[in-house]
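Printed here is structure31.txt (compact mmCIF, C-alpha atoms):
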```
# COMPACT_ATOMS: atom_id res chain seq x y z
CA MET A 1 212.80 91.40 85.86
CA PRO A 2 210.79 89.70 88.57
CA THR A 3 210.69 91.48 91.88
CA GLN A 4 212.29 89.77 94.83
CA PRO A 5 209.66 89.23 97.45
CA ARG A 6 212.31 88.15 99.96
CA PRO A 7 215.63 89.73 100.99
CA LEU A 8 218.47 88.77 98.65
CA GLU A 9 220.31 86.75 101.28
CA ARG A 10 217.34 84.41 101.59
CA TYR A 11 217.81 83.49 97.92
CA LEU A 12 221.53 83.09 98.32
CA ARG A 13 221.29 80.28 100.86
CA LEU A 14 221.99 78.07 97.87
CA ILE A 15 222.90 78.78 94.26
CA VAL A 16 222.65 75.70 92.07
CA ILE A 17 225.19 76.06 89.28
CA THR A 18 224.61 74.06 86.11
CA ASP A 19 227.12 71.80 84.42
CA ARG A 20 225.91 69.53 81.67
CA GLY A 21 229.02 67.41 81.94
CA LEU A 22 228.28 66.60 85.59
CA SER A 23 224.54 66.11 85.20
CA ASP A 24 225.11 63.67 82.34
CA PRO A 25 223.38 61.38 81.42
CA ARG A 26 220.53 63.29 83.02
CA ALA A 27 219.49 66.56 81.38
CA VAL A 28 220.54 69.70 83.22
CA THR A 29 216.89 70.75 83.24
CA ASP A 30 215.89 67.51 85.00
CA VAL A 31 218.47 67.95 87.75
CA VAL A 32 217.53 71.61 88.16
CA ALA A 33 213.84 70.65 88.31
CA GLN A 34 214.58 68.29 91.19
CA ALA A 35 216.61 70.98 92.92
CA LEU A 36 213.83 73.54 92.52
CA HIS A 37 211.26 71.05 93.77
CA ALA A 38 213.39 70.63 96.90
CA GLY A 39 213.36 74.39 97.43
CA ALA A 40 216.55 75.62 95.73
CA PRO A 41 216.15 79.41 95.82
CA ALA A 42 218.63 80.33 93.05
CA VAL A 43 220.08 78.82 89.87
CA GLN A 44 223.05 79.96 87.83
CA LEU A 45 223.52 78.89 84.22
CA ARG A 46 227.19 78.21 83.65
CA GLU A 47 228.06 76.63 80.32
CA LYS A 48 231.36 78.15 79.29
CA ALA A 49 232.10 75.84 76.37
CA GLN A 50 228.94 76.54 74.37
CA PRO A 51 228.35 79.52 72.08
CA PRO A 52 225.42 81.78 73.06
CA ARG A 53 223.16 80.51 70.31
CA GLU A 54 223.45 76.95 71.59
CA ILE A 55 222.81 77.72 75.24
CA LEU A 56 219.99 80.18 74.60
CA PRO A 57 217.23 77.54 74.56
CA LEU A 58 218.52 76.13 77.87
CA ALA A 59 218.70 79.64 79.30
CA HIS A 60 215.09 80.36 78.32
CA ARG A 61 213.95 77.07 79.80
CA LEU A 62 215.76 77.61 83.10
CA ARG A 63 214.42 81.16 83.26
CA ALA A 64 210.88 79.82 82.92
CA ASP A 65 211.41 77.00 85.42
CA THR A 66 213.00 79.23 88.06
CA ARG A 67 210.28 81.85 87.65
CA ARG A 68 207.60 79.23 88.17
CA ALA A 69 209.43 78.02 91.28
CA GLY A 70 209.94 81.53 92.65
CA ALA A 71 213.71 81.15 92.43
CA LEU A 72 216.26 83.66 91.17
CA PHE A 73 218.03 82.99 87.88
CA PHE A 74 221.56 84.10 87.11
CA VAL A 75 223.67 83.70 83.98
CA ASN A 76 227.43 83.31 84.28
CA ASP A 77 229.76 85.69 82.43
CA ARG A 78 227.46 87.02 79.72
CA LEU A 79 225.49 90.10 80.65
CA ASP A 80 223.98 90.28 77.17
CA LEU A 81 222.71 86.71 77.39
CA ALA A 82 221.37 87.36 80.90
CA LEU A 83 219.46 90.41 79.69
CA ALA A 84 218.23 88.59 76.58
CA VAL A 85 216.50 85.86 78.59
CA GLY A 86 215.24 88.13 81.36
CA ALA A 87 217.51 86.70 84.05
CA ASP A 88 217.51 88.30 87.48
CA GLY A 89 221.23 88.80 87.35
CA VAL A 90 224.65 87.98 86.01
CA HIS A 91 227.60 86.41 87.76
CA LEU A 92 230.95 87.92 86.79
CA GLY A 93 234.54 86.96 87.46
CA PRO A 94 237.95 88.56 87.06
CA ASP A 95 238.13 87.72 83.31
CA ASP A 96 234.69 89.08 82.54
CA LEU A 97 233.27 92.52 81.96
CA PRO A 98 234.17 94.61 85.03
CA VAL A 99 231.39 95.05 87.59
CA GLY A 100 231.26 98.81 87.08
CA ALA A 101 230.87 98.46 83.33
CA ALA A 102 228.12 95.88 83.79
CA ARG A 103 226.35 98.04 86.36
CA ALA A 104 226.42 100.98 83.96
CA ILE A 105 224.53 99.12 81.24
CA ALA A 106 222.28 96.89 83.37
CA PRO A 107 218.71 97.98 84.11
CA PRO A 108 217.73 99.09 87.63
CA GLY A 109 217.32 96.20 90.05
CA PHE A 110 219.41 93.82 87.96
CA LEU A 111 221.61 91.73 90.25
CA ILE A 112 225.36 91.42 89.82
CA GLY A 113 227.43 88.78 91.58
CA TYR A 114 231.19 88.72 91.54
CA SER A 115 233.74 85.97 92.20
CA ALA A 116 236.45 87.09 94.60
CA ASP A 117 238.78 85.13 96.82
CA MET A 118 240.45 88.12 98.47
CA ALA A 119 239.07 90.88 100.65
CA ASP A 120 240.37 93.75 98.52
CA ALA A 121 238.92 92.39 95.27
CA ALA A 122 235.59 91.74 96.99
CA HIS A 123 235.56 95.23 98.45
CA ALA A 124 236.32 96.82 95.08
CA ALA A 125 233.56 94.81 93.39
CA VAL A 126 230.99 95.92 95.95
CA ARG A 127 232.14 99.52 95.61
CA ASP A 128 231.59 99.16 91.83
CA GLY A 129 228.09 97.79 92.27
CA ALA A 130 228.18 94.07 93.05
CA ASP A 131 225.15 92.83 95.01
CA TYR A 132 226.82 89.73 96.37
CA ILE A 133 230.18 87.97 96.38
CA GLY A 134 230.88 84.37 95.46
CA CYS A 135 233.97 83.54 97.50
CA GLY A 136 236.20 80.57 96.84
CA THR A 137 237.60 78.14 96.09
CA VAL A 138 236.74 77.30 99.73
CA TYR A 139 237.67 73.65 99.30
CA ALA A 140 239.84 72.08 96.61
CA THR A 141 237.75 70.99 93.65
CA HIS A 142 238.14 69.65 90.15
CA THR A 143 235.01 71.31 88.77
CA LYS A 144 236.54 74.67 87.94
CA ALA A 145 239.67 74.51 85.86
CA ASN A 146 242.15 77.21 86.89
CA ALA A 147 240.13 77.99 89.99
CA GLY A 148 243.33 79.19 91.56
CA GLU A 149 244.48 78.82 95.14
CA VAL A 150 242.21 77.37 97.77
CA THR A 151 240.76 80.18 99.87
CA GLY A 152 239.82 78.05 102.83
CA ILE A 153 237.42 78.90 105.61
CA GLU A 154 239.82 81.55 106.95
CA GLY A 155 239.96 83.30 103.58
CA LEU A 156 236.18 83.18 103.36
CA ARG A 157 235.88 84.77 106.81
CA LYS A 158 238.14 87.64 105.71
CA VAL A 159 236.02 88.33 102.64
CA VAL A 160 232.83 88.25 104.72
CA ARG A 161 234.34 90.84 107.09
CA ALA A 162 235.45 93.05 104.20
CA VAL A 163 232.04 93.62 102.59
CA ASP A 164 228.53 94.60 103.60
CA VAL A 165 226.77 92.43 101.02
CA PRO A 166 225.93 88.72 101.21
CA VAL A 167 228.80 86.33 100.60
CA VAL A 168 228.31 82.83 99.21
CA GLY A 169 230.95 80.12 99.62
CA ILE A 170 231.89 78.22 96.48
CA GLY A 171 234.32 75.46 95.61
CA GLY A 172 234.09 71.91 96.83
CA VAL A 173 231.14 72.68 99.09
CA THR A 174 228.87 69.81 100.08
CA PRO A 175 225.97 69.52 102.50
CA ALA A 176 228.45 68.15 105.05
CA ARG A 177 230.74 71.16 104.64
CA ALA A 178 227.99 73.78 104.42
CA PRO A 179 227.75 74.28 108.22
CA ALA A 180 231.42 75.38 108.32
CA VAL A 181 230.82 77.73 105.39
CA VAL A 182 227.88 79.45 107.04
CA ALA A 183 229.66 79.46 110.40
CA ALA A 184 232.33 81.59 108.69
CA GLY A 185 229.65 84.17 107.91
CA ALA A 186 228.55 83.18 104.42
CA VAL A 187 224.80 83.34 103.85
CA GLY A 188 225.00 80.12 101.90
CA CYS A 189 226.80 78.07 99.28
CA ALA A 190 227.06 77.92 95.50
CA ALA A 191 227.32 74.30 94.44
CA ILE A 192 228.13 72.67 91.14
CA GLY A 193 229.15 69.06 91.56
CA ALA A 194 227.44 68.46 94.91
CA ILE A 195 224.09 68.91 93.19
CA MET A 196 224.60 68.34 89.47
CA ALA A 197 226.37 65.03 90.07
CA ALA A 198 224.28 63.97 93.08
CA THR A 199 222.39 60.69 92.99
CA ASP A 200 219.57 62.54 94.74
CA PRO A 201 219.83 66.26 93.94
CA GLY A 202 216.76 67.08 96.04
CA ARG A 203 218.32 65.55 99.12
CA ALA A 204 221.55 67.50 98.54
CA VAL A 205 219.55 70.72 98.23
CA ALA A 206 217.76 69.99 101.49
CA GLY A 207 221.08 69.45 103.22
CA PHE A 208 222.46 72.77 102.02
CA LEU A 209 219.30 74.61 103.02
CA ARG A 210 219.29 73.13 106.53
CA ALA A 211 222.85 74.31 107.09
CA ALA A 212 222.07 77.83 105.84
CA GLN A 213 218.96 77.95 107.98
CA ARG A 214 220.89 77.06 111.12
CA GLY A 215 223.49 79.69 110.24
CA ALA A 216 220.80 82.34 109.75
CA ARG A 217 219.34 81.59 113.17
CA ARG A 218 222.77 82.04 114.76
CA ARG A 219 223.37 85.42 113.12
CA MET B 220 226.17 106.69 70.99
CA PRO B 221 227.52 109.18 68.47
CA THR B 222 225.10 110.26 65.81
CA GLN B 223 225.86 109.26 62.24
CA PRO B 224 226.15 112.41 60.21
CA ARG B 225 226.30 110.37 57.01
CA PRO B 226 224.06 107.56 55.70
CA LEU B 227 225.12 104.16 57.04
CA GLU B 228 226.22 102.87 53.64
CA ARG B 229 228.83 105.60 53.44
CA TYR B 230 230.46 104.15 56.56
CA LEU B 231 230.23 100.63 55.25
CA ARG B 232 232.42 101.26 52.22
CA LEU B 233 235.10 99.64 54.34
CA ILE B 234 235.09 97.93 57.71
CA VAL B 235 238.59 97.38 59.07
CA ILE B 236 238.48 94.25 61.23
CA THR B 237 241.19 93.85 63.85
CA ASP B 238 243.39 90.81 64.33
CA ARG B 239 246.35 91.13 66.64
CA GLY B 240 247.88 87.99 65.18
CA LEU B 241 247.97 89.53 61.70
CA SER B 242 249.07 93.01 62.76
CA ASP B 243 251.98 91.54 64.73
CA PRO B 244 254.64 92.77 65.40
CA ARG B 245 252.85 96.10 65.01
CA ALA B 246 250.21 96.98 67.60
CA VAL B 247 246.60 96.68 66.41
CA THR B 248 246.12 100.30 67.46
CA ASP B 249 249.00 101.43 65.22
CA VAL B 250 247.60 99.66 62.17
CA VAL B 251 244.11 100.97 62.89
CA ALA B 252 245.53 104.50 63.32
CA GLN B 253 247.07 104.28 59.86
CA ALA B 254 243.81 102.99 58.44
CA LEU B 255 241.82 105.80 60.07
CA HIS B 256 244.32 108.37 58.83
CA ALA B 257 243.73 107.06 55.31
CA GLY B 258 239.98 107.53 55.75
CA ALA B 259 238.72 104.16 56.94
CA PRO B 260 235.10 104.89 57.89
CA ALA B 261 234.46 101.88 60.19
CA VAL B 262 236.42 99.57 62.49
CA GLN B 263 235.35 96.30 64.03
CA LEU B 264 237.11 94.86 67.08
CA ARG B 265 237.36 91.13 66.64
CA GLU B 266 239.50 89.31 69.19
CA LYS B 267 237.78 86.01 69.80
CA ALA B 268 240.51 84.35 71.83
CA GLN B 269 240.73 86.97 74.59
CA PRO B 270 238.44 87.24 77.63
CA PRO B 271 236.49 90.52 77.90
CA ARG B 272 238.63 91.90 80.67
CA GLU B 273 241.75 91.62 78.52
CA ILE B 274 240.31 93.20 75.41
CA LEU B 275 238.48 95.98 77.24
CA PRO B 276 241.44 98.41 77.25
CA LEU B 277 241.88 97.86 73.49
CA ALA B 278 238.15 98.35 72.97
CA HIS B 279 238.18 101.65 74.87
CA ARG B 280 241.20 102.84 72.91
CA LEU B 281 239.69 101.94 69.54
CA ARG B 282 236.43 103.61 70.55
CA ALA B 283 238.30 106.81 71.34
CA ASP B 284 240.39 106.67 68.15
CA THR B 285 237.43 105.99 65.85
CA ARG B 286 235.38 108.73 67.50
CA ARG B 287 238.17 111.22 66.95
CA ALA B 288 238.40 110.13 63.31
CA GLY B 289 234.64 110.28 62.77
CA ALA B 290 234.51 106.54 62.06
CA LEU B 291 232.01 103.99 63.30
CA PHE B 292 233.13 101.42 65.85
CA PHE B 293 231.72 97.91 66.08
CA VAL B 294 232.49 95.07 68.47
CA ASN B 295 232.28 91.49 67.27
CA ASP B 296 230.04 88.99 69.07
CA ARG B 297 229.69 90.65 72.47
CA LEU B 298 226.79 93.04 72.79
CA ASP B 299 227.59 93.65 76.45
CA LEU B 300 231.16 94.62 75.65
CA ALA B 301 229.97 96.83 72.79
CA LEU B 302 227.57 98.64 75.12
CA ALA B 303 230.17 98.90 77.86
CA VAL B 304 232.62 100.84 75.67
CA GLY B 305 229.99 102.93 73.89
CA ALA B 306 230.46 101.28 70.51
CA ASP B 307 228.17 102.28 67.66
CA GLY B 308 227.17 98.69 67.09
CA VAL B 309 227.78 94.99 67.39
CA HIS B 310 228.48 92.44 64.70
CA LEU B 311 226.77 89.10 65.26
CA GLY B 312 227.03 85.72 63.59
CA PRO B 313 225.08 82.47 63.62
CA ASP B 314 226.68 81.30 66.91
CA ASP B 315 226.04 84.55 68.73
CA LEU B 316 223.06 86.07 70.45
CA PRO B 317 220.23 86.14 67.87
CA VAL B 318 219.64 89.49 66.18
CA GLY B 319 216.14 89.80 67.62
CA ALA B 320 217.37 89.23 71.16
CA ALA B 321 220.15 91.77 70.69
CA ARG B 322 217.75 94.31 69.19
CA ALA B 323 215.43 93.90 72.17
CA ILE B 324 218.09 94.90 74.69
CA ALA B 325 220.09 97.39 72.62
CA PRO B 326 219.38 101.11 72.99
CA PRO B 327 217.69 103.03 70.15
CA GLY B 328 220.01 103.76 67.23
CA PHE B 329 222.45 101.04 68.16
CA LEU B 330 223.65 99.30 65.00
CA ILE B 331 223.52 95.54 64.51
CA GLY B 332 225.38 93.77 61.73
CA TYR B 333 224.91 90.11 60.93
CA SER B 334 227.05 87.59 59.05
CA ALA B 335 225.06 85.67 56.47
CA ASP B 336 226.12 83.80 53.38
CA MET B 337 222.64 82.84 52.19
CA ALA B 338 219.68 84.97 51.11
CA ASP B 339 217.21 83.43 53.56
CA ALA B 340 219.43 83.89 56.62
CA ALA B 341 220.16 87.48 55.57
CA HIS B 342 216.48 88.18 55.05
CA ALA B 343 215.59 86.74 58.46
CA ALA B 344 218.29 88.81 60.18
CA VAL B 345 217.01 92.03 58.59
CA ARG B 346 213.44 91.14 59.57
CA ASP B 347 214.71 90.70 63.15
CA GLY B 348 216.43 94.07 63.16
CA ALA B 349 219.85 93.85 61.48
CA ASP B 350 221.04 97.15 60.00
CA TYR B 351 223.50 95.62 57.57
CA ILE B 352 224.71 92.23 56.38
CA GLY B 353 228.28 91.01 56.22
CA CYS B 354 228.21 88.46 53.41
CA GLY B 355 230.89 85.90 52.79
CA THR B 356 233.21 84.15 52.60
CA VAL B 357 233.34 85.82 49.14
CA TYR B 358 236.83 84.50 48.42
CA ALA B 359 238.61 81.60 50.08
CA THR B 360 240.61 82.76 53.07
CA HIS B 361 242.62 81.41 55.94
CA THR B 362 241.79 84.23 58.34
CA LYS B 363 238.52 82.86 59.65
CA ALA B 364 238.67 79.30 60.90
CA ASN B 365 235.49 77.40 60.06
CA ALA B 366 234.34 80.19 57.77
CA GLY B 367 232.36 77.59 55.88
CA GLU B 368 231.76 77.35 52.16
CA VAL B 369 232.91 80.05 49.80
CA THR B 370 229.94 82.22 48.84
CA GLY B 371 231.49 83.67 45.74
CA ILE B 372 230.41 86.75 43.84
CA GLU B 373 227.21 85.00 42.71
CA GLY B 374 226.22 84.18 46.28
CA LEU B 375 226.93 87.76 47.30
CA ARG B 376 224.70 89.03 44.51
CA LYS B 377 221.84 86.83 45.76
CA VAL B 378 222.16 88.18 49.30
CA VAL B 379 222.21 91.76 48.01
CA ARG B 380 219.00 91.11 46.09
CA ALA B 381 217.33 89.52 49.14
CA VAL B 382 217.62 92.46 51.53
CA ASP B 383 216.96 96.19 51.58
CA VAL B 384 219.87 97.06 53.87
CA PRO B 385 223.52 97.59 52.95
CA VAL B 386 225.57 94.46 52.30
CA VAL B 387 229.31 94.29 52.85
CA GLY B 388 231.45 91.60 51.22
CA ILE B 389 233.86 89.77 53.50
CA GLY B 390 236.36 86.97 53.11
CA GLY B 391 239.55 87.18 51.12
CA VAL B 392 238.73 90.65 49.85
CA THR B 393 241.61 92.84 48.69
CA PRO B 394 241.77 96.22 46.97
CA ALA B 395 242.17 94.35 43.68
CA ARG B 396 239.04 92.29 44.31
CA ALA B 397 236.94 95.12 45.77
CA PRO B 398 235.66 96.32 42.36
CA ALA B 399 234.07 92.90 41.74
CA VAL B 400 232.51 92.97 45.22
CA VAL B 401 230.90 96.37 44.73
CA ALA B 402 229.91 95.47 41.17
CA ALA B 403 227.86 92.65 42.74
CA GLY B 404 225.91 95.26 44.68
CA ALA B 405 227.80 95.38 47.98
CA VAL B 406 228.31 98.89 49.38
CA GLY B 407 231.82 97.92 50.38
CA CYS B 408 234.12 95.36 51.94
CA ALA B 409 235.06 94.16 55.40
CA ALA B 410 238.74 93.33 55.44
CA ILE B 411 240.92 91.59 57.98
CA GLY B 412 244.17 90.38 56.47
CA ALA B 413 244.25 92.82 53.53
CA ILE B 414 244.66 95.67 56.01
CA MET B 415 245.98 94.21 59.27
CA ALA B 416 248.77 92.36 57.48
CA ALA B 417 249.44 95.03 54.84
CA THR B 418 252.88 96.55 54.54
CA ASP B 419 251.12 99.86 53.96
CA PRO B 420 247.67 99.74 55.60
CA GLY B 421 246.84 103.28 54.49
CA ARG B 422 247.42 102.41 50.87
CA ALA B 423 245.21 99.32 51.18
CA VAL B 424 242.46 101.45 52.70
CA ALA B 425 242.71 103.93 49.84
CA GLY B 426 242.38 101.09 47.36
CA PHE B 427 239.23 99.76 49.01
CA LEU B 428 237.71 103.23 49.19
CA ARG B 429 238.36 103.98 45.52
CA ALA B 430 236.59 100.77 44.52
CA ALA B 431 233.58 101.53 46.73
CA GLN B 432 233.44 105.09 45.42
CA ARG B 433 233.30 103.90 41.83
CA GLY B 434 230.60 101.40 42.74
CA ALA B 435 228.54 104.11 44.46
CA ARG B 436 228.69 106.28 41.35
CA ARG B 437 227.42 103.43 39.21
CA ARG B 438 224.44 102.71 41.49
```
Please, can you express the file's structure as structure tokens?
Amino acid sequence: MPTQPRPLERYLRLIVITDRGLSDPRAVTDVVAQALHAGAPAVQLREKAQPPREILPLAHRLRADTRRAGALFFVNDRLDLALAVGADGVHLGPDDLPVGAARAIAPPGFLIGYSADMADAAHAAVRDGADYIGCGTVYATHTKANAGEVTGIEGLRKVVRAVDVPVVGIGGVTPARAPAVVAAGAVGCAAIGAIMAATDPGRAVAGFLRAAQRGARRR
Amino acid sequence: MPTQPRPLERYLRLIVITDRGLSDPRAVTDVVAQALHAGAPAVQLREKAQPPREILPLAHRLRADTRRAGALFFVNDRLDLALAVGADGVHLGPDDLPVGAARAIAPPGFLIGYSADMADAAHAAVRDGADYIGCGTVYATHTKANAGEVTGIEGLRKVVRAVDVPVVGIGGVTPARAPAVVAAGAVGCAAIGAIMAATDPGRAVAGFLRAAQRGARRR
């Protein structure tokens, strides 16, 4: 586990979430490399359709690339896979291993993120050991199937008020929408399509980071 | 992790593998309870279609029931889930986390089984830290989709010769076929349909155990 030289919320200004369908025909690793070069401080591997054995090489590669770039690396859903590749953390959702169960078997310092669109679920996750909350769907999106109801900026604001850990807005976020997300109190955004499908991923990253930076100055 | 008062191969005379589709309309826990009452020494939770959060209550229940019965409890595929419920081990296959990666993050004494139908794959898994091999499909079966080629008794014999850990025959095994499986050198069988779908699961368990017992005496 690499140490975090900066406070967690600095890394959570932007989480780049992978999607090989959206990066296509470019390799996920190429798009992530451009994002890291532009300063993306965190990457989450999210490949739900592949069995662990198939995504393991990609996970190892992203772990190496993020480490070299000084970025955090998270794995979606699978705590065992995250531990196996030396990720900094795991991102869990309502269908996954409960946060408390993951916290009980994770090593000290291992980060746990949790997806919550409601204040009570977010509060419970933090009580059980979550280090940050991914809140959304903030804006309607087609990336996540069954992403549920749209939370909206108001819903995001409620989750931010309910917890004392960093909250990241997810779901349909773009550089143009990021200022509204951080104005609601989120420390940053988690983006899938806005980066993986971007013509210029580096430029998208820069846009997200500028918005988070302005938000941080206001707080 | 409970200690194993008996040698591992004693527990591997029979692994009862769950399948809620096959136990239906009976609850998986009811069928497993009957199997444990009849002396089943090991149970493996195998519910591939359900997300972790849904199968977690079943996993906790089976862990408690097997502990009370003095039986080992394995979880299929998910090392994190296995660790979360305090299972004795995990059973991995070619699509799952590699054995070496699982061994590296599992606590001392945690058992790892691996599915292999060929001698070289079995040998590699043992080298990487597998404690036992599940070898099959020994007989054609409809339980496992994509179970691949039928290994047959000859293939089982080759795997037994290739490794110095216990081998369990899986795939279409029944009490009537168990003697041939143990005669090929397996310490026992792993059964899904022959127990979960049995009219009298306890009687099926007794049949498997008798066959393994006779095989153990011959070795």
Show me which bits of chain A are within 7 Å of chain B, counting all atoms listed in the file, as a JSON list (two decimals) with C-alpha atoms, in the frame of the given file.
```json
[["chain", "number", "residue", "atom", "x", "y", "z"],
["A", 51, "PRO", "CA", 228.35, 79.52, 72.08],
["A", 52, "PRO", "CA", 225.42, 81.78, 73.06],
["A", 53, "ARG", "CA", 223.16, 80.51, 70.31],
["A", 79, "LEU", "CA", 225.49, 90.10, 80.65],
["A", 80, "ASP", "CA", 223.98, 90.28, 77.17],
["A", 81, "LEU", "CA", 222.71, 86.71, 77.39],
["A", 83, "LEU", "CA", 219.46, 90.41, 79.69],
["A", 84, "ALA", "CA", 218.23, 88.59, 76.58],
["A", 95, "ASP", "CA", 238.13, 87.72, 83.31],
["A", 96, "ASP", "CA", 234.69, 89.08, 82.54],
["A", 97, "LEU", "CA", 233.27, 92.52, 81.96],
["A", 98, "PRO", "CA", 234.17, 94.61, 85.03],
["A", 101, "ALA", "CA", 230.87, 98.46, 83.33],
["A", 102, "ALA", "CA", 228.12, 95.88, 83.79],
["A", 105, "ILE", "CA", 224.53, 99.12, 81.24]]
```
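Residue nearest Val167 of chain A within the list A:Arg13, A:Arg6, A:Lys48, A:Arg26: A:Arg13 [criterion: smallest interatomic distance, all atoms listed in the file].
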Which protein, DNA or RNA residues have an atom at most 12 Å from (224.5, 61.6, 93.1), counting all atoms listed in the file? List them as a PDB file with C-alpha atoms, keeping the file's coordinate frame.
```pdb
ATOM      1  CA  LEU A  22     228.280  66.600  85.590  1.00  0.00           C
ATOM      2  CA  SER A  23     224.540  66.110  85.200  1.00  0.00           C
ATOM      3  CA  ASP A  24     225.110  63.670  82.340  1.00  0.00           C
ATOM      4  CA  PRO A  25     223.380  61.380  81.420  1.00  0.00           C
ATOM      5  CA  ARG A  26     220.530  63.290  83.020  1.00  0.00           C
ATOM      6  CA  VAL A  31     218.470  67.950  87.750  1.00  0.00           C
ATOM      7  CA  THR A 174     228.870  69.810 100.080  1.00  0.00           C
ATOM      8  CA  ILE A 192     228.130  72.670  91.140  1.00  0.00           C
ATOM      9  CA  GLY A 193     229.150  69.060  91.560  1.00  0.00           C
ATOM     10  CA  ALA A 194     227.440  68.460  94.910  1.00  0.00           C
ATOM     11  CA  ILE A 195     224.090  68.910  93.190  1.00  0.00           C
ATOM     12  CA  MET A 196     224.600  68.340  89.470  1.00  0.00           C
ATOM     13  CA  ALA A 197     226.370  65.030  90.070  1.00  0.00           C
ATOM     14  CA  ALA A 198     224.280  63.970  93.080  1.00  0.00           C
ATOM     15  CA  THR A 199     222.390  60.690  92.990  1.00  0.00           C
ATOM     16  CA  ASP A 200     219.570  62.540  94.740  1.00  0.00           C
ATOM     17  CA  PRO A 201     219.830  66.260  93.940  1.00  0.00           C
ATOM     18  CA  GLY A 202     216.760  67.080  96.040  1.00  0.00           C
ATOM     19  CA  ARG A 203     218.320  65.550  99.120  1.00  0.00           C
ATOM     20  CA  ALA A 204     221.550  67.500  98.540  1.00  0.00           C
ATOM     21  CA  VAL A 205     219.550  70.720  98.230  1.00  0.00           C
TER      22      VAL A 205
END
```
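You will find atom CA of Ala349 of chain B at 15.5 Å from atom CA of Pro226 of chain B.
Put simply, atom CA of Arg161 of chain A is 16.2 Å away from atom CA of Ala216 of chain A.
Atom CA of Ile389 of chain B to atom CA of Gly308 of chain B spans 17.6 Å [interatomic distance, one decimal].
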Contacts of Tyr11 of chain A at 10 Å (all atoms listed in the file; same-chain gap of 5+ positions) as an NGL selection string
:A and (4-6 or 40-43 or 70-72 or 187-188)
Excluding Val401 of chain B and its own-chain neighbours fewer than 3 positions away, which residues fall within 9 Å of it when counting only C-alpha atoms? Please give them as a tab-separated table (two decimals) with C-alpha atoms, in the coordinates of the input.
```tsv
chain	number	residue	atom	x	y	z
B	387	VAL	CA	229.31	94.29	52.85
B	388	GLY	CA	231.45	91.60	51.22
B	397	ALA	CA	236.94	95.12	45.77
B	398	PRO	CA	235.66	96.32	42.36
B	404	GLY	CA	225.91	95.26	44.68
B	405	ALA	CA	227.80	95.38	47.98
B	406	VAL	CA	228.31	98.89	49.38
B	407	GLY	CA	231.82	97.92	50.38
B	408	CYS	CA	234.12	95.36	51.94
B	430	ALA	CA	236.59	100.77	44.52
B	431	ALA	CA	233.58	101.53	46.73
B	433	ARG	CA	233.30	103.90	41.83
B	434	GLY	CA	230.60	101.40	42.74
B	435	ALA	CA	228.54	104.11	44.46
```
Do a neighbour search on Ile17 of chain A at 7 Å with all atoms listed in the file, toss out local chain neighbours closer than 5 positions, and write the hits as a PyMOL selection string. chain A and resi 43-46+190-192
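Among the candidate residues A:His91, A:Arg10, A:Arg210, A:Arg67, the one lying nearest to Ile133 of chain A is A:His91, with distances computed using only C-alpha atoms.
Among the candidate residues B:Glu373, B:Asp284, B:Asp383, B:Asp307, the one lying nearest to Ala252 of chain B is B:Asp284, with distances computed using all atoms listed in the file.
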